[in-house]
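**Q** So that you have it, the file is data-v8.cif, and it contains mmCIF, C-alpha atoms:
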```cif
data_query
loop_
_atom_site.group_PDB
_atom_site.id
_atom_site.type_symbol
_atom_site.label_atom_id
_atom_site.label_comp_id
_atom_site.auth_asym_id
_atom_site.auth_seq_id
_atom_site.Cartn_x
_atom_site.Cartn_y
_atom_site.Cartn_z
ATOM 1 C CA MET U 43 -3.168 -17.478 13.271
ATOM 2 C CA ALA U 44 -0.735 -17.317 10.363
ATOM 3 C CA ALA U 45 0.262 -13.830 9.290
ATOM 4 C CA VAL U 46 -1.416 -12.361 6.228
ATOM 5 C CA THR U 47 1.672 -11.476 4.210
ATOM 6 C CA THR U 48 0.144 -9.954 1.055
ATOM 7 C CA LEU U 49 -2.936 -7.962 0.129
ATOM 8 C CA ASP U 50 -3.886 -10.640 -2.375
ATOM 9 C CA ARG U 51 -3.785 -13.275 0.366
ATOM 10 C CA MET U 52 -6.153 -11.090 2.382
ATOM 11 C CA VAL U 53 -8.503 -11.015 -0.619
ATOM 12 C CA GLU U 54 -8.350 -14.821 -0.870
ATOM 13 C CA LEU U 55 -9.293 -15.195 2.788
ATOM 14 C CA VAL U 56 -12.281 -12.879 2.377
ATOM 15 C CA ARG U 57 -13.488 -14.754 -0.720
ATOM 16 C CA ALA U 58 -13.195 -18.080 1.094
ATOM 17 C CA ARG U 59 -15.783 -17.108 3.702
ATOM 18 C CA SER U 60 -19.162 -18.727 3.550
ATOM 19 C CA THR U 61 -21.011 -15.431 4.001
ATOM 20 C CA ALA U 62 -19.964 -12.097 2.525
ATOM 21 C CA ALA U 63 -20.016 -9.009 4.736
ATOM 22 C CA ARG U 64 -22.569 -6.343 3.820
ATOM 23 C CA VAL U 65 -21.267 -2.858 3.005
ATOM 24 C CA VAL U 66 -23.479 0.210 3.214
ATOM 25 C CA ILE U 67 -22.818 2.721 0.436
ATOM 26 C CA ALA U 68 -23.859 5.897 2.268
ATOM 27 C CA ALA U 69 -25.357 8.680 0.097
ATOM 28 C CA CYS U 70 -25.184 6.379 -2.896
ATOM 29 C CA ALA U 71 -25.729 8.845 -5.756
ATOM 30 C CA GLU U 72 -21.990 8.914 -6.442
ATOM 31 C CA ALA U 73 -20.734 6.846 -9.346
ATOM 32 C CA ASN U 74 -17.271 5.862 -8.090
ATOM 33 C CA ALA U 75 -18.603 4.521 -4.775
ATOM 34 C CA VAL U 76 -21.390 2.574 -6.504
ATOM 35 C CA LEU U 77 -18.989 1.101 -9.057
ATOM 36 C CA ALA U 78 -16.652 0.085 -6.228
ATOM 37 C CA GLY U 79 -19.546 -1.585 -4.406
ATOM 38 C CA LEU U 80 -20.597 -3.441 -7.541
ATOM 39 C CA GLU U 81 -17.016 -4.569 -8.135
ATOM 40 C CA ALA U 82 -16.796 -5.783 -4.529
ATOM 41 C CA HIS U 83 -19.879 -7.887 -5.218
ATOM 42 C CA ARG U 84 -18.491 -9.199 -8.495
ATOM 43 C CA GLN U 85 -15.206 -10.126 -6.827
ATOM 44 C CA GLY U 86 -16.942 -11.920 -3.957
ATOM 45 C CA LEU U 87 -15.761 -9.502 -1.278
ATOM 46 C CA ALA U 88 -18.964 -7.909 -0.002
ATOM 47 C CA GLU U 89 -22.672 -7.400 -0.665
ATOM 48 C CA PRO U 90 -23.512 -3.706 -1.196
ATOM 49 C CA VAL U 91 -26.542 -2.000 0.294
ATOM 50 C CA PHE U 92 -27.292 1.288 -1.484
ATOM 51 C CA VAL U 93 -28.688 4.034 0.751
ATOM 52 C CA GLY U 94 -29.532 7.506 -0.544
ATOM 53 C CA ASP U 95 -31.106 9.029 -3.614
ATOM 54 C CA VAL U 96 -31.577 5.722 -5.443
ATOM 55 C CA GLU U 97 -33.422 7.257 -8.391
ATOM 56 C CA ARG U 98 -30.592 9.718 -8.995
ATOM 57 C CA MET U 99 -28.070 6.905 -8.590
ATOM 58 C CA LYS U 100 -29.751 4.798 -11.266
ATOM 59 C CA ALA U 101 -29.810 7.804 -13.614
ATOM 60 C CA LEU U 102 -26.044 8.383 -13.435
ATOM 61 C CA PRO U 103 -24.538 7.963 -16.934
ATOM 62 C CA GLU U 104 -21.721 5.789 -15.593
ATOM 63 C CA LEU U 105 -24.333 3.281 -14.373
ATOM 64 C CA ALA U 106 -26.463 3.130 -17.493
ATOM 65 C CA GLY U 107 -27.865 -0.356 -17.992
ATOM 66 C CA THR U 108 -26.929 -1.581 -14.493
ATOM 67 C CA ASP U 109 -29.456 -3.972 -12.988
ATOM 68 C CA PHE U 110 -29.975 -3.167 -9.306
ATOM 69 C CA SER U 111 -32.833 -5.627 -8.785
ATOM 70 C CA GLY U 112 -30.636 -8.071 -6.884
ATOM 71 C CA PHE U 113 -29.445 -5.488 -4.354
ATOM 72 C CA GLU U 114 -31.053 -3.838 -1.363
ATOM 73 C CA CYS U 115 -31.683 -0.192 -2.236
ATOM 74 C CA LEU U 116 -33.083 2.170 0.399
ATOM 75 C CA HIS U 117 -34.325 5.401 -1.137
ATOM 76 C CA GLU U 118 -33.678 8.494 0.993
ATOM 77 C CA PRO U 119 -32.960 11.633 -1.063
ATOM 78 C CA ASP U 120 -31.930 13.767 1.939
ATOM 79 C CA THR U 121 -28.215 13.283 2.560
ATOM 80 C CA ALA U 122 -28.369 13.752 6.328
ATOM 81 C CA ALA U 123 -31.257 11.298 6.619
ATOM 82 C CA ALA U 124 -29.470 8.824 4.323
ATOM 83 C CA LEU U 125 -26.373 9.006 6.516
ATOM 84 C CA LYS U 126 -28.476 8.424 9.636
ATOM 85 C CA LEU U 127 -30.163 5.421 8.006
ATOM 86 C CA SER U 128 -26.745 4.031 6.978
ATOM 87 C CA LEU U 129 -25.439 4.280 10.533
ATOM 88 C CA ASP U 130 -28.654 2.701 11.831
ATOM 89 C CA LEU U 131 -27.988 -0.337 9.627
ATOM 90 C CA LEU U 132 -24.507 -0.683 11.100
ATOM 91 C CA GLN U 133 -25.711 -0.185 14.652
ATOM 92 C CA GLU U 134 -28.438 -2.799 14.194
ATOM 93 C CA GLY U 135 -25.962 -5.330 12.801
ATOM 94 C CA ARG U 136 -27.581 -5.348 9.365
ATOM 95 C CA ALA U 137 -24.266 -4.419 7.723
ATOM 96 C CA GLY U 138 -20.632 -4.949 8.594
ATOM 97 C CA PHE U 139 -18.946 -1.811 7.305
ATOM 98 C CA LEU U 140 -19.543 1.453 5.463
ATOM 99 C CA MET U 141 -18.210 3.118 2.336
ATOM 100 C CA LYS U 142 -18.524 6.859 1.768
ATOM 101 C CA GLY U 143 -20.581 7.920 -1.229
ATOM 102 C CA GLY U 144 -21.702 11.464 -1.994
ATOM 103 C CA VAL U 145 -21.132 12.891 1.479
ATOM 104 C CA LYS U 146 -18.175 14.932 2.684
ATOM 105 C CA THR U 147 -15.676 13.030 4.815
ATOM 106 C CA ASP U 148 -15.833 15.484 7.724
ATOM 107 C CA VAL U 149 -19.642 15.259 7.763
ATOM 108 C CA LEU U 150 -19.476 11.458 7.783
ATOM 109 C CA LEU U 151 -16.910 11.307 10.572
ATOM 110 C CA ARG U 152 -18.833 13.785 12.730
ATOM 111 C CA ALA U 153 -21.949 11.646 12.342
ATOM 112 C CA VAL U 154 -19.983 8.537 13.302
ATOM 113 C CA LEU U 155 -18.515 10.285 16.334
ATOM 114 C CA GLY U 156 -22.029 11.306 17.367
ATOM 115 C CA ARG U 157 -22.907 7.594 17.638
ATOM 116 C CA LYS U 158 -19.630 6.485 19.188
ATOM 117 C CA ARG U 159 -19.686 5.242 22.750
ATOM 118 C CA GLY U 160 -16.805 4.528 25.109
ATOM 119 C CA GLU U 161 -13.145 5.496 24.971
ATOM 120 C CA GLY U 162 -10.783 5.703 22.043
ATOM 121 C CA LEU U 163 -10.918 7.694 18.845
ATOM 122 C CA LEU U 164 -11.176 7.341 15.094
ATOM 123 C CA SER U 165 -7.918 7.040 13.198
ATOM 124 C CA HIS U 166 -6.765 6.260 9.682
ATOM 125 C CA ILE U 167 -4.590 3.284 8.836
ATOM 126 C CA GLY U 168 -2.992 2.301 5.557
ATOM 127 C CA VAL U 169 -1.855 -1.266 4.895
ATOM 128 C CA PHE U 170 0.659 -1.779 2.098
ATOM 129 C CA PRO U 171 3.173 -4.376 0.902
ATOM 130 C CA HIS U 172 6.745 -4.107 2.152
ATOM 131 C CA PRO U 173 8.775 -3.191 -0.959
ATOM 132 C CA ARG U 174 11.580 -5.680 -0.213
ATOM 133 C CA GLU U 175 10.014 -8.412 1.926
ATOM 134 C CA GLU U 176 6.909 -10.588 1.644
ATOM 135 C CA ARG U 177 4.979 -8.992 4.474
ATOM 136 C CA LEU U 178 2.642 -6.099 5.087
ATOM 137 C CA LEU U 179 3.304 -2.745 6.751
ATOM 138 C CA ILE U 180 0.854 -0.342 8.384
ATOM 139 C CA VAL U 181 1.127 3.454 8.423
ATOM 140 C CA THR U 182 -0.942 5.624 10.761
ATOM 141 C CA ASP U 183 -2.384 8.312 10.862
ATOM 142 C CA ALA U 184 -2.460 9.743 7.350
ATOM 143 C CA GLY U 185 -6.000 11.050 7.167
ATOM 144 C CA VAL U 186 -7.914 11.866 10.351
ATOM 145 C CA ASN U 187 -5.925 13.257 13.302
ATOM 146 C CA ILE U 188 -4.092 16.420 12.274
ATOM 147 C CA SER U 189 -1.675 17.004 15.152
ATOM 148 C CA PRO U 190 -2.389 14.321 17.744
ATOM 149 C CA THR U 191 -1.540 14.820 21.381
ATOM 150 C CA LEU U 192 0.336 12.167 23.316
ATOM 151 C CA THR U 193 -2.984 10.785 24.584
ATOM 152 C CA ARG U 194 -4.353 10.561 21.046
ATOM 153 C CA LYS U 195 -1.182 8.837 19.861
ATOM 154 C CA ILE U 196 -1.817 6.140 22.466
ATOM 155 C CA ASP U 197 -5.246 5.504 20.931
ATOM 156 C CA ILE U 198 -3.865 5.683 17.384
ATOM 157 C CA ILE U 199 -1.312 2.998 18.242
ATOM 158 C CA LYS U 200 -3.926 0.843 19.972
ATOM 159 C CA ASN U 201 -6.171 1.030 16.876
ATOM 160 C CA ALA U 202 -3.286 0.028 14.614
ATOM 161 C CA VAL U 203 -2.194 -2.776 16.956
ATOM 162 C CA ASP U 204 -5.709 -4.229 16.875
ATOM 163 C CA VAL U 205 -5.643 -4.338 13.066
ATOM 164 C CA ALA U 206 -2.095 -5.727 13.027
ATOM 165 C CA LYS U 207 -3.059 -8.594 15.318
ATOM 166 C CA ARG U 208 -6.043 -9.470 13.166
ATOM 167 C CA LEU U 209 -3.649 -9.647 10.222
ATOM 168 C CA GLY U 210 -1.509 -12.090 12.187
ATOM 169 C CA MET U 211 1.265 -9.691 13.237
ATOM 170 C CA ASP U 212 1.611 -11.040 16.731
ATOM 171 C CA PRO U 213 3.104 -9.394 18.650
ATOM 172 C CA PRO U 214 3.035 -6.235 16.509
ATOM 173 C CA LYS U 215 6.164 -4.100 16.421
ATOM 174 C CA VAL U 216 5.485 -0.358 16.379
ATOM 175 C CA ALA U 217 8.014 2.263 15.295
ATOM 176 C CA VAL U 218 7.141 5.771 16.480
ATOM 177 C CA LEU U 219 8.651 8.013 13.820
ATOM 178 C CA SER U 220 10.644 11.189 14.192
ATOM 179 C CA ALA U 221 13.481 12.818 12.257
ATOM 180 C CA THR U 222 16.161 11.169 14.371
ATOM 181 C CA GLU U 223 16.631 8.542 17.045
ATOM 182 C CA LYS U 224 17.956 11.193 19.416
ATOM 183 C CA VAL U 225 15.506 12.418 22.058
ATOM 184 C CA SER U 226 15.077 16.160 22.405
ATOM 185 C CA TYR U 227 12.376 17.122 24.894
ATOM 186 C CA ASN U 228 12.784 20.836 24.184
ATOM 187 C CA ASP U 229 13.294 21.079 20.427
ATOM 188 C CA MET U 230 11.450 18.139 18.845
ATOM 189 C CA VAL U 231 8.072 17.190 20.291
ATOM 190 C CA SER U 232 7.847 14.076 18.101
ATOM 191 C CA SER U 233 10.986 12.629 19.696
ATOM 192 C CA LYS U 234 9.727 13.416 23.191
ATOM 193 C CA ASP U 235 6.370 11.755 22.528
ATOM 194 C CA ALA U 236 8.068 8.729 20.976
ATOM 195 C CA ASP U 237 10.292 8.305 24.010
ATOM 196 C CA ILE U 238 7.301 8.500 26.366
ATOM 197 C CA LEU U 239 5.293 6.043 24.251
ATOM 198 C CA ALA U 240 8.187 3.567 24.354
ATOM 199 C CA ARG U 241 8.316 3.940 28.136
ATOM 200 C CA LEU U 242 4.548 3.394 28.387
ATOM 201 C CA CYS U 243 4.993 0.235 26.332
ATOM 202 C CA ARG U 244 7.445 -1.108 28.906
ATOM 203 C CA MET U 245 4.739 -0.436 31.514
ATOM 204 C CA GLY U 246 2.342 -2.689 29.572
ATOM 205 C CA ILE U 247 -0.098 -0.089 28.264
ATOM 206 C CA PHE U 248 -0.040 -1.638 24.763
ATOM 207 C CA GLY U 249 -0.350 -5.239 25.883
ATOM 208 C CA ASP U 250 2.189 -7.490 24.217
ATOM 209 C CA ALA U 251 2.877 -5.059 21.350
ATOM 210 C CA VAL U 252 6.455 -3.781 21.211
ATOM 211 C CA VAL U 253 6.754 -0.014 20.771
ATOM 212 C CA GLY U 254 10.074 1.668 20.048
ATOM 213 C CA GLY U 255 11.205 5.158 19.216
ATOM 214 C CA PRO U 256 12.001 7.751 18.315
ATOM 215 C CA PHE U 257 13.106 6.186 15.042
ATOM 216 C CA ALA U 258 13.858 7.798 11.721
ATOM 217 C CA LEU U 259 12.132 5.923 8.908
ATOM 218 C CA ASP U 260 15.313 4.180 7.728
ATOM 219 C CA ILE U 261 15.962 2.748 11.187
ATOM 220 C CA ALA U 262 12.360 1.547 11.419
ATOM 221 C CA VAL U 263 12.410 -0.419 8.162
ATOM 222 C CA SER U 264 16.049 -1.368 7.515
ATOM 223 C CA GLU U 265 18.036 -3.661 9.801
ATOM 224 C CA GLU U 266 21.174 -2.704 7.877
ATOM 225 C CA LYS U 267 20.627 1.014 8.531
ATOM 226 C CA ALA U 268 19.796 0.337 12.168
ATOM 227 C CA ARG U 269 23.066 -1.582 12.621
ATOM 228 C CA ALA U 270 25.023 1.147 10.830
ATOM 229 C CA LYS U 271 23.607 3.724 13.243
ATOM 230 C CA GLY U 272 24.197 1.504 16.274
ATOM 231 C CA VAL U 273 20.514 1.090 17.130
ATOM 232 C CA ASP U 274 19.777 -2.247 18.789
ATOM 233 C CA HIS U 275 16.059 -2.643 19.471
ATOM 234 C CA PRO U 276 13.488 -5.375 18.662
ATOM 235 C CA VAL U 277 11.571 -2.920 16.452
ATOM 236 C CA ALA U 278 14.568 -1.461 14.600
ATOM 237 C CA GLY U 279 14.461 -2.648 10.995
ATOM 238 C CA ARG U 280 11.497 -4.932 11.740
ATOM 239 C CA ALA U 281 8.585 -2.529 12.251
ATOM 240 C CA ASP U 282 5.075 -3.705 11.399
ATOM 241 C CA ILE U 283 3.472 -0.333 12.201
ATOM 242 C CA LEU U 284 4.870 3.084 11.308
ATOM 243 C CA CYS U 285 3.313 5.673 13.621
ATOM 244 C CA ALA U 286 3.678 9.154 12.140
ATOM 245 C CA PRO U 287 3.970 12.180 14.441
ATOM 246 C CA ASN U 288 1.284 14.148 12.568
ATOM 247 C CA ILE U 289 -1.020 14.011 9.572
ATOM 248 C CA VAL U 290 1.480 15.804 7.307
ATOM 249 C CA THR U 291 4.172 13.182 7.848
ATOM 250 C CA GLY U 292 1.684 10.322 7.607
ATOM 251 C CA ASN U 293 0.102 11.691 4.440
ATOM 252 C CA VAL U 294 3.458 12.292 2.745
ATOM 253 C CA LEU U 295 4.545 8.745 3.585
ATOM 254 C CA TYR U 296 1.207 7.345 2.383
ATOM 255 C CA LYS U 297 1.456 9.169 -0.947
ATOM 256 C CA ALA U 298 5.157 8.425 -1.397
ATOM 257 C CA VAL U 299 4.232 4.746 -1.245
ATOM 258 C CA THR U 300 1.337 5.063 -3.692
ATOM 259 C CA SER U 301 2.646 7.767 -6.044
ATOM 260 C CA LEU U 302 6.429 7.365 -6.155
ATOM 261 C CA MET U 303 6.631 3.609 -5.531
ATOM 262 C CA ASP U 304 3.319 2.787 -7.261
ATOM 263 C CA LEU U 305 2.376 0.341 -4.520
ATOM 264 C CA PRO U 306 -1.256 -0.337 -3.578
ATOM 265 C CA MET U 307 -2.505 0.960 -0.243
ATOM 266 C CA ALA U 308 -5.537 -0.310 1.642
ATOM 267 C CA GLY U 309 -6.607 2.768 3.589
ATOM 268 C CA ILE U 310 -9.561 2.762 5.995
ATOM 269 C CA VAL U 311 -10.737 4.519 9.160
ATOM 270 C CA VAL U 312 -10.878 2.389 12.305
ATOM 271 C CA GLY U 313 -11.993 2.901 15.888
ATOM 272 C CA ALA U 314 -15.707 3.276 15.126
ATOM 273 C CA GLY U 315 -16.748 -0.268 15.989
ATOM 274 C CA CYS U 316 -16.849 -1.129 12.280
ATOM 275 C CA PRO U 317 -14.474 -0.248 9.425
ATOM 276 C CA LEU U 318 -15.108 2.877 7.356
ATOM 277 C CA VAL U 319 -13.935 3.066 3.745
ATOM 278 C CA VAL U 320 -13.303 6.743 3.019
ATOM 279 C CA PRO U 321 -11.364 6.784 -0.264
ATOM 280 C CA SER U 322 -9.351 9.746 -1.435
ATOM 281 C CA ARG U 323 -10.056 11.076 -4.923
ATOM 282 C CA GLY U 324 -6.410 10.358 -5.714
ATOM 283 C CA ASP U 325 -6.556 6.689 -4.709
ATOM 284 C CA SER U 326 -6.113 4.251 -7.569
ATOM 285 C CA ASP U 327 -8.799 1.708 -8.420
ATOM 286 C CA ARG U 328 -6.663 -1.103 -6.989
ATOM 287 C CA SER U 329 -6.133 0.810 -3.737
ATOM 288 C CA LYS U 330 -9.914 1.307 -3.444
ATOM 289 C CA PHE U 331 -10.380 -2.399 -4.144
ATOM 290 C CA TYR U 332 -7.904 -3.386 -1.430
ATOM 291 C CA ALA U 333 -9.460 -0.890 1.006
ATOM 292 C CA LEU U 334 -12.820 -2.612 0.521
ATOM 293 C CA ALA U 335 -11.125 -5.988 0.945
ATOM 294 C CA LEU U 336 -9.432 -4.890 4.186
ATOM 295 C CA ALA U 337 -12.707 -3.539 5.580
ATOM 296 C CA ALA U 338 -14.490 -6.771 4.607
ATOM 297 C CA TYR U 339 -11.695 -8.807 6.195
ATOM 298 C CA LEU U 340 -11.936 -6.877 9.475
ATOM 299 C CA ALA U 341 -15.754 -6.951 9.435
ATOM 300 C CA GLY U 342 -15.839 -10.738 9.156
ATOM 301 C CA ALA U 343 -16.516 -12.752 12.293
ATOM 302 C CA ASP U 344 -13.497 -14.977 11.751
ATOM 303 C CA ALA U 345 -10.968 -12.195 11.210
#
```
Turn this file's structure into structure tokens for me.

**A**
Amino acid sequence: MAAVTTLDRMVELVRARSTAARVVIAACAEANAVLAGLEAHRQGLAEPVFVGDVERMKALPELAGTDFSGFECLHEPDTAAALKLSLDLLQEGRAGFLMKGGVKTDVLLRAVLGRKRGEGLLSHIGVFPHPREERLLIVTDAGVNISPTLTRKIDIIKNAVDVAKRLGMDPPKVAVLSATEKVSYNDMVSSKDADILARLCRMGIFGDAVVGGPFALDIAVSEEKARAKGVDHPVAGRADILCAPNIVTGNVLYKAVTSLMDLPMAGIVVGAGCPLVVPSRGDSDRSKFYALALAAYLAGADA
């Protein structure tokens, strides 16, 4: 498939589908989530299903005058029961993805993990436009795994590679980030892990994805900087996926992109069997819109 090179192109592909994915708004008595679901419907991205305290939702001042008669609304005032019902809808195939409403993120993720079967783990990915080239980049993990072990980093990369391939990055090129390209097994764990992950890649553990590291950020994204530092690697300067060593690094990179560069970021949680939209309070409206679009894109059968 052709690579999806912009977030707007991703939106176009979602809108072109004959059937819109259904998104469950879990614990729906939260205005921002409901408004996002309604906007997704208006934009032709997804059909919202509102689960939670529906009467309280309809009474929210931000939603005054909204007609909900055309939407499926499942009234369940108890938050825990509403979350269970939301996950039931996903498990039964009656919805394609979930957006967090008035429930804490840690509570939602624990509930999802309680349903999860098989190997792997949940991880956060952010998809954003390359600031100098017409292509997309992925950063992981900026929101779920605090200080991932080497084993968890394997799963984090596999989750990101799956998304990258569905966006047409084939084969995906993964840069495992550290402060320097020099490997120090004793003093810098991130460089040690990156070196091991690159070795595991050569053993085929990531399929046809190409994993390189340790790379400082400039080497990962700039061919000119890579040449200047004498780094010759297929990933150097051409990374599709930026794998952060921990949540602090990933979160700083995520927010540098959105706050300093004012670029949109489609951030979702993957690895649950269906995408989870878990927006930050600081995310802009356009980032929330693109997060819904990314989840709808990944939830579609033809993605």

**Q** Could you tell me how far atom CA of U:Gly168 sits from atom CA of U:Val294, in Å to one decimal place?

**A**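 These two atoms are separated by 12.2 Å.
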
**Q** Excluding same-chain residues fewer than 5 positions from stretch 79-94 of chain U, what lies within 7 Å of it counting only C-alpha atoms, as a ChimeraX atom specification?

**A** /U:56-57,62-71,113-119,121,124,128,335,338

**Q** Which residues are close to U:Glu265, i.e. within 10 Å by all atoms listed in the file, leaving aside same-chain residues fewer than 2 positions away? Reply as number ranges by chain.

**A** U: 260-263, 267-271, 273-275, 277-281

**Q** Translate the PyMOL selection byres ((chain U and resi 210) around 10), as applied to the file shown, into an explicit residue set as a ChimeraX atom specification.

**A** /U:43-47,205-209,211-214,345

**Q** Go ahead and dump the residues you just picked, C-alpha atoms, as an mmCIF file, in the frame of the given file.

**A**
```
data_model
loop_
_atom_site.group_PDB
_atom_site.id
_atom_site.type_symbol
_atom_site.label_atom_id
_atom_site.label_comp_id
_atom_site.auth_asym_id
_atom_site.auth_seq_id
_atom_site.Cartn_x
_atom_site.Cartn_y
_atom_site.Cartn_z
ATOM 1 C CA MET U 43 -3.168 -17.478 13.271
ATOM 2 C CA ALA U 44 -0.735 -17.317 10.363
ATOM 3 C CA ALA U 45 0.262 -13.830 9.290
ATOM 4 C CA VAL U 46 -1.416 -12.361 6.228
ATOM 5 C CA THR U 47 1.672 -11.476 4.210
ATOM 6 C CA VAL U 205 -5.643 -4.338 13.066
ATOM 7 C CA ALA U 206 -2.095 -5.727 13.027
ATOM 8 C CA LYS U 207 -3.059 -8.594 15.318
ATOM 9 C CA ARG U 208 -6.043 -9.470 13.166
ATOM 10 C CA LEU U 209 -3.649 -9.647 10.222
ATOM 11 C CA MET U 211 1.265 -9.691 13.237
ATOM 12 C CA ASP U 212 1.611 -11.040 16.731
ATOM 13 C CA PRO U 213 3.104 -9.394 18.650
ATOM 14 C CA PRO U 214 3.035 -6.235 16.509
ATOM 15 C CA ALA U 345 -10.968 -12.195 11.210
#
```

**Q** Skipping near chain neighbours, those fewer than 6 positions away, what residues fall within 7 Å of stretch 314-318 of chain U using all atoms listed in the file, listed as a PyMOL selection string?

**A** chain U and resi 138-141+158+164+337+341

**Q** Of the candidates U:Met303, U:Ala58, U:Ala137, U:Leu163, which shows the shortest atom-to-atom distance to U:Leu151, using only C-alpha atoms?

**A** U:Leu163

**Q** Provide the atom CA of U:Gly246 to atom CA of U:Asn201 distance in Å, to one decimal place.

**A**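 We find that atom CA of U:Gly246 and atom CA of U:Asn201 lie 15.7 Å from each other.
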
**Q** Rounded to one decimal place, report the atom CA of U:Ile289-atom CA of U:Ala73 distance in Å.

**A** 28.2 Å

**Q** Could the residues of stretch 113-175 of chain U that have an atom at most 12 Å from stretch 284-287 of chain U be listed as JSON lines, each with its closest atom pair and the distance in Å to one decimal, counting all atoms listed in the file and ordered by chain and ascending residue number?

**A**
```
{"residue": "U:Ser165", "atom": "CA", "partner": "U:Cys285", "partner_atom": "CA", "distance": 11.3}
{"residue": "U:His166", "atom": "CA", "partner": "U:Cys285", "partner_atom": "CA", "distance": 10.8}
{"residue": "U:Ile167", "atom": "CA", "partner": "U:Cys285", "partner_atom": "CA", "distance": 9.5}
{"residue": "U:Gly168", "atom": "CA", "partner": "U:Leu284", "partner_atom": "CA", "distance": 9.8}
{"residue": "U:Val169", "atom": "CA", "partner": "U:Leu284", "partner_atom": "CA", "distance": 10.3}
{"residue": "U:Phe170", "atom": "CA", "partner": "U:Leu284", "partner_atom": "CA", "distance": 11.2}
{"residue": "U:His172", "atom": "CA", "partner": "U:Leu284", "partner_atom": "CA", "distance": 11.8}
```

**Q** Could you dump the residues just selected with C-alpha atoms as a compact mmCIF listing (two decimals), in the frame of the given file?

**A**
```txt
# COMPACT_ATOMS: atom_id res chain seq x y z
CA SER U 165 -7.92 7.04 13.20
CA HIS U 166 -6.76 6.26 9.68
CA ILE U 167 -4.59 3.28 8.84
CA GLY U 168 -2.99 2.30 5.56
CA VAL U 169 -1.86 -1.27 4.89
CA PHE U 170 0.66 -1.78 2.10
CA HIS U 172 6.74 -4.11 2.15
```

**Q** At a cut-off of 12 Å around the point (5.2, 14.1, 20.0) (file coordinates), what residues fall inside when counting only C-alpha atoms? I'd like the answer as a PyMOL selection string.

**A** chain U and resi 189-196+218-221+225-240+255-256+285-288
